[in-house]
Amino acid sequence: MPGLLDAKTALILGVANRWSLAYAIAQAFRREGARLVLTYQGERQRSTVEELGAELGAELVLGCDVTQESELERLGAALGESLPGLDCVVHSIAFATREDLSRPFVETSRSGYLLAQEVSSYSLVAVARTVAPLMRQGGSIVTLTYLGASRVVPNYNVMGVAKAALEAAVRYLASDLGPSNIRVNAISAGPVKTASARGVKDFIKVLDTVAERAPLRRNTDPAEVADTAVFLASDLGRGVTGNIIFVDAGFQVMGL
Ligand code: NAD
């Protein structure tokens, strides 16, 4: 059976380990026939991501810390040299300090606020600027967001504000890049136990609440997020841009 992403080349940023949402997305993209390029954040992650990349048959595994303009430039140059072009990009990156995900939001430091914005929101703009010239036939950029962007979720704090900026960036980028047939969307995933999520104080309580109250009465499976990313990256999603799609067992529709 032909794959939904046959003949497409996908860059996936944000695989740290097997629990990463980006890893589930890479598996689904591979299943659907995409050629894969993965990135890792720094030397500490390199061997793990290289191993995962080998398992997935990734063509390239490259380093890229999105806070470093020079690393983004190097990534763009390496992709330009090695690939005929790029069709899909997944941005699955966020960071805030543990302190800022546990104390009252009002106590967020200036440096913690700026760090969360830089890594979790501005990086989408920087990545889009790097990859757009390589997406010569148009394409799809997908990022990951969370309900904390628009509702107060205990301890999500500074990350909620960064996700609000990220979602606004999705709309502005969709408008800028639409004439080049590059679509930009976000998936708002329900909570999933990953390394990043564990940084949020009392995260387990969030999982329990969702399982109890979501219309589907369960938590989100990373594979569900990944299949929605496949839809957005494939030609099936060709009319969708500037959107936030919830993959959260329906939790966001509930008032109480
Ligand atoms: P994860 O910890 O597996 O992934 C986060 C990734 O961000 C890691 O690969 C990390 O290396 C990368 N990263 C952080 N700083 C970076 C930098 N300076 N340069 C390059 N990469 C950097 O956790 P995850 O839950 O899979 O997170 C992926 C995305 O999904 C994030 O945007 C997160 O906010 C979002 N999300 C997660 C959940 C959840 O409950 N897990 C829910 C909704 C949205």
# chains A, B, ... in the order shown; residues from 1 in each chain; ligands from 1
>>> closest_atom_pairs(of="segment 22-111 of chain A", to="segment 11-16 of chain A", cutoff="12 Å", atoms="only C-alpha atoms", output="CSV")
residue,atom,partner,partner_atom,distance
A:Ala22,CA,A:Val15,CA,5.0
A:Tyr23,CA,A:Val15,CA,5.4
A:Ala24,CA,A:Val15,CA,9.0
A:Ile25,CA,A:Ile12,CA,8.2
A:Ala26,CA,A:Ile12,CA,7.0
A:Gln27,CA,A:Ile12,CA,10.8
A:Ala28,CA,A:Ile12,CA,11.7
A:Phe29,CA,A:Ile12,CA,9.7
A:Arg30,CA,A:Ile12,CA,11.3
A:Ala34,CA,A:Leu11,CA,9.8
A:Arg35,CA,A:Leu11,CA,8.6
A:Leu36,CA,A:Leu11,CA,6.1
A:Val37,CA,A:Leu11,CA,4.7
A:Leu38,CA,A:Ile12,CA,5.0
A:Thr39,CA,A:Leu13,CA,5.2
A:Tyr40,CA,A:Val15,CA,6.7
A:Gln41,CA,A:Gly14,CA,7.6
A:Gly42,CA,A:Ala16,CA,10.0
A:Glu43,CA,A:Ala16,CA,11.5
A:Arg44,CA,A:Ala16,CA,9.9
A:Gln45,CA,A:Ala16,CA,6.5
A:Arg46,CA,A:Ala16,CA,8.9
A:Ser47,CA,A:Ala16,CA,10.3
A:Thr48,CA,A:Ala16,CA,7.5
A:Val49,CA,A:Ala16,CA,6.5
A:Glu50,CA,A:Val15,CA,10.2
A:Glu51,CA,A:Ala16,CA,11.1
A:Leu52,CA,A:Val15,CA,8.7
A:Gly53,CA,A:Val15,CA,9.4
A:Leu56,CA,A:Val15,CA,11.9
A:Ala58,CA,A:Leu11,CA,9.8
A:Glu59,CA,A:Leu11,CA,10.2
A:Leu60,CA,A:Leu11,CA,9.3
A:Val61,CA,A:Leu11,CA,9.6
A:Leu62,CA,A:Leu13,CA,9.6
A:Gly63,CA,A:Leu13,CA,9.6
A:Cys64,CA,A:Leu13,CA,8.3
A:Asp65,CA,A:Leu13,CA,9.7
A:Val66,CA,A:Leu13,CA,9.3
A:Leu72,CA,A:Leu13,CA,11.4
A:Leu75,CA,A:Leu11,CA,10.4
A:Gly76,CA,A:Leu11,CA,10.8
A:Ala78,CA,A:Leu11,CA,12.0
A:Leu79,CA,A:Leu11,CA,9.1
A:Leu83,CA,A:Leu11,CA,10.8
A:Gly85,CA,A:Leu11,CA,10.6
A:Leu86,CA,A:Leu11,CA,7.5
A:Asp87,CA,A:Leu11,CA,8.3
A:Cys88,CA,A:Leu11,CA,6.3
A:Val89,CA,A:Leu11,CA,4.7
A:Val90,CA,A:Ile12,CA,4.7
A:His91,CA,A:Leu13,CA,5.2
A:Ser92,CA,A:Gly14,CA,4.7
A:Ile93,CA,A:Gly14,CA,5.2
A:Ala94,CA,A:Gly14,CA,8.5
A:Phe95,CA,A:Gly14,CA,11.0
>>> write_last_selection(atoms="C-alpha atoms", output="tab-separated table (two decimals), in the first residue's frame")
chain	number	residue	atom	x	y	z
A	22	ALA	CA	8.96	13.65	18.19
A	23	TYR	CA	10.02	9.98	18.29
A	24	ALA	CA	6.42	8.81	17.89
A	25	ILE	CA	6.08	11.24	14.99
A	26	ALA	CA	9.31	9.98	13.39
A	27	GLN	CA	8.02	6.38	13.62
A	28	ALA	CA	4.72	7.33	11.96
A	29	PHE	CA	6.47	9.35	9.24
A	30	ARG	CA	8.73	6.40	8.54
A	34	ALA	CA	9.09	9.62	4.47
A	35	ARG	CA	12.86	10.07	4.27
A	36	LEU	CA	13.92	11.25	7.72
A	37	VAL	CA	16.41	13.74	9.08
A	38	LEU	CA	16.65	14.02	12.88
A	39	THR	CA	18.40	16.57	15.06
A	40	TYR	CA	19.79	16.35	18.59
A	41	GLN	CA	20.25	19.24	21.01
A	42	GLY	CA	23.86	18.72	22.08
A	43	GLU	CA	26.65	16.18	22.50
A	44	ARG	CA	24.91	14.70	25.57
A	45	GLN	CA	22.03	13.50	23.38
A	46	ARG	CA	24.05	12.61	20.32
A	47	SER	CA	24.58	8.86	20.74
A	48	THR	CA	20.97	8.19	21.83
A	49	VAL	CA	19.51	10.10	18.88
A	50	GLU	CA	22.00	8.52	16.48
A	51	GLU	CA	20.91	5.06	17.71
A	52	LEU	CA	17.23	5.93	17.33
A	53	GLY	CA	17.96	7.43	13.92
A	56	LEU	CA	14.37	4.45	11.99
A	58	ALA	CA	17.14	8.19	9.11
A	59	GLU	CA	19.35	9.53	6.33
A	60	LEU	CA	20.96	12.18	8.48
A	61	VAL	CA	21.26	12.91	12.20
A	62	LEU	CA	22.56	16.43	12.84
A	63	GLY	CA	23.23	18.55	15.91
A	64	CYS	CA	21.19	21.72	16.43
A	65	ASP	CA	20.70	23.79	19.57
A	66	VAL	CA	17.97	26.20	18.48
A	72	LEU	CA	20.75	26.81	12.72
A	75	LEU	CA	21.80	22.92	9.81
A	76	GLY	CA	20.37	24.85	6.84
A	78	ALA	CA	23.97	20.77	5.68
A	79	LEU	CA	20.39	20.13	4.56
A	83	LEU	CA	19.01	16.84	0.17
A	85	GLY	CA	14.66	19.64	-0.94
A	86	LEU	CA	12.50	19.47	2.16
A	87	ASP	CA	8.74	18.83	2.41
A	88	CYS	CA	7.88	18.51	6.10
A	89	VAL	CA	9.34	19.95	9.30
A	90	VAL	CA	8.33	19.02	12.83
A	91	HIS	CA	9.31	21.41	15.64
A	92	SER	CA	8.88	19.52	18.93
A	93	ILE	CA	10.99	21.65	21.25
A	94	ALA	CA	10.35	23.42	24.54
A	95	PHE	CA	12.18	24.27	27.74
>>> residues_around(residues="Leu4 of chain A", least_positions_apart="2", cutoff="8 Å", atoms="only C-alpha atoms", output="number ranges by chain")
A: 2, 6, 32-33, 230, 234-235
>>> residues_around(residues="segment 205-218 of chain A", least_positions_apart="6", cutoff="12 Å", atoms="only C-alpha atoms", output="MDAnalysis selection string")
chainID A and resid 147:148 152:156 189:194 197:198 247:256
>>> write_last_selection(atoms="C-alpha atoms", output="JSON list (two decimals), in the first residue's frame")
[["chain", "number", "residue", "atom", "x", "y", "z"],
["A", 147, "LEU", "CA", -3.89, 23.78, 26.44],
["A", 148, "GLY", "CA", -1.90, 25.81, 29.01],
["A", 152, "VAL", "CA", -4.54, 28.12, 33.47],
["A", 153, "VAL", "CA", -3.10, 24.68, 34.23],
["A", 154, "PRO", "CA", -1.46, 24.42, 37.67],
["A", 155, "ASN", "CA", 2.35, 24.86, 37.50],
["A", 156, "TYR", "CA", 2.46, 25.13, 33.68],
["A", 189, "ALA", "CA", -1.48, 17.41, 22.54],
["A", 190, "GLY", "CA", -3.05, 16.14, 25.72],
["A", 191, "PRO", "CA", -0.56, 15.49, 28.55],
["A", 192, "VAL", "CA", 1.89, 12.64, 27.93],
["A", 193, "LYS", "CA", 4.57, 11.42, 30.36],
["A", 194, "THR", "CA", 7.82, 12.59, 28.73],
["A", 197, "ALA", "CA", 6.40, 16.91, 31.15],
["A", 198, "ARG", "CA", 8.06, 15.47, 34.26],
["A", 247, "VAL", "CA", -5.41, 15.75, 20.02],
["A", 248, "ASP", "CA", -6.34, 15.43, 23.67],
["A", 249, "ALA", "CA", -9.16, 12.86, 24.03],
["A", 250, "GLY", "CA", -11.49, 15.88, 23.86],
["A", 251, "PHE", "CA", -10.44, 17.38, 27.20],
["A", 252, "GLN", "CA", -10.40, 20.99, 25.96],
["A", 253, "VAL", "CA", -14.17, 21.09, 25.31],
["A", 254, "MET", "CA", -15.05, 20.49, 28.96],
["A", 255, "GLY", "CA", -16.07, 23.41, 31.18],
["A", 256, "LEU", "CA", -15.94, 21.46, 34.44]]
>>> atom_distance(atom1="atom CA of Ala132 of chain A", atom2="atom CA of Gly112 of chain A")
29.4 Å
>>> atom_distance(atom1="atom 29 (C, counted along the ligand's line) of ligand 1", atom2="atom CA of Leu144 of chain A")
5.1 Å
>>> closest_residue(among="A:Tyr113, A:Phe203, A:Tyr172, A:Phe231", to="ligand 1", atoms="only C-alpha atoms and all ligand atoms")
A:Phe203
>>> select_by_dssp(residues="segment 5-65 of chain A", states="helix (DSSP H, G or I)", output="ChimeraX atom specification")
/A:21-31,43-56
>>> closest_residue(among="A:Asn185, A:Gln68, A:Ser140, A:Ser196", to="ligand 1", atoms="only C-alpha atoms and all ligand atoms")
A:Ser196
>>> atom_distance(atom1="atom CA of Leu177 of chain A", atom2="atom CA of Thr143 of chain A")
15.0 Å
>>> closest_residue(among="A:Asp100, A:Glu55, A:Glu73, A:Glu118", to="ligand 1", atoms="only C-alpha atoms and all ligand atoms")
A:Glu118
>>> residues_around(residues="Thr145 of chain A", least_positions_apart="2", cutoff="8 Å", atoms="only C-alpha atoms", output="PyMOL selection string")
chain A and resi 143+147+149+163+166-167+186-189
>>> write_last_selection(atoms="N, CA, C and O atoms", output="PDB file, in the first residue's frame")
ATOM      1  N   THR A 143       4.207  22.280  14.726  1.00  0.00           N
ATOM      2  CA  THR A 143       4.790  22.411  16.049  1.00  0.00           C
ATOM      3  C   THR A 143       3.840  21.805  17.077  1.00  0.00           C
ATOM      4  O   THR A 143       2.700  21.442  16.754  1.00  0.00           O
ATOM      5  N   LEU A 147      -2.736  23.020  25.941  1.00  0.00           N
ATOM      6  CA  LEU A 147      -3.888  23.777  26.443  1.00  0.00           C
ATOM      7  C   LEU A 147      -3.511  24.920  27.390  1.00  0.00           C
ATOM      8  O   LEU A 147      -4.216  25.936  27.473  1.00  0.00           O
ATOM      9  N   ALA A 149      -1.686  27.168  26.983  1.00  0.00           N
ATOM     10  CA  ALA A 149      -1.557  28.428  26.238  1.00  0.00           C
ATOM     11  C   ALA A 149      -2.759  29.326  26.447  1.00  0.00           C
ATOM     12  O   ALA A 149      -2.652  30.553  26.414  1.00  0.00           O
ATOM     13  N   LYS A 163       3.713  29.092  25.155  1.00  0.00           N
ATOM     14  CA  LYS A 163       2.867  28.391  24.166  1.00  0.00           C
ATOM     15  C   LYS A 163       1.863  29.354  23.532  1.00  0.00           C
ATOM     16  O   LYS A 163       1.507  29.217  22.357  1.00  0.00           O
ATOM     17  N   LEU A 166       3.798  30.962  20.964  1.00  0.00           N
ATOM     18  CA  LEU A 166       4.038  29.987  19.886  1.00  0.00           C
ATOM     19  C   LEU A 166       2.811  29.892  18.969  1.00  0.00           C
ATOM     20  O   LEU A 166       2.929  29.879  17.746  1.00  0.00           O
ATOM     21  N   GLU A 167       1.619  29.841  19.579  1.00  0.00           N
ATOM     22  CA  GLU A 167       0.395  29.705  18.780  1.00  0.00           C
ATOM     23  C   GLU A 167       0.167  30.963  17.926  1.00  0.00           C
ATOM     24  O   GLU A 167      -0.282  30.877  16.774  1.00  0.00           O
ATOM     25  N   ALA A 186      -0.181  23.859  14.427  1.00  0.00           N
ATOM     26  CA  ALA A 186       0.252  23.285  15.708  1.00  0.00           C
ATOM     27  C   ALA A 186      -0.713  22.180  16.106  1.00  0.00           C
ATOM     28  O   ALA A 186      -1.917  22.261  15.841  1.00  0.00           O
ATOM     29  N   ILE A 187      -0.174  21.171  16.753  1.00  0.00           N
ATOM     30  CA  ILE A 187      -0.997  20.138  17.386  1.00  0.00           C
ATOM     31  C   ILE A 187      -0.974  20.420  18.881  1.00  0.00           C
ATOM     32  O   ILE A 187       0.100  20.518  19.474  1.00  0.00           O
ATOM     33  N   SER A 188      -2.155  20.580  19.460  1.00  0.00           N
ATOM     34  CA  SER A 188      -2.236  20.755  20.911  1.00  0.00           C
ATOM     35  C   SER A 188      -2.485  19.376  21.513  1.00  0.00           C
ATOM     36  O   SER A 188      -3.599  18.840  21.475  1.00  0.00           O
ATOM     37  N   ALA A 189      -1.415  18.794  22.039  1.00  0.00           N
ATOM     38  CA  ALA A 189      -1.479  17.410  22.538  1.00  0.00           C
ATOM     39  C   ALA A 189      -1.961  17.391  23.982  1.00  0.00           C
ATOM     40  O   ALA A 189      -1.624  18.282  24.773  1.00  0.00           O
TER      41      ALA A 189
END
>>> closest_residue(among="A:Ser150, A:Thr67, A:Asn219, A:Ser102", to="Val119 of chain A", atoms="only C-alpha atoms")
A:Thr67
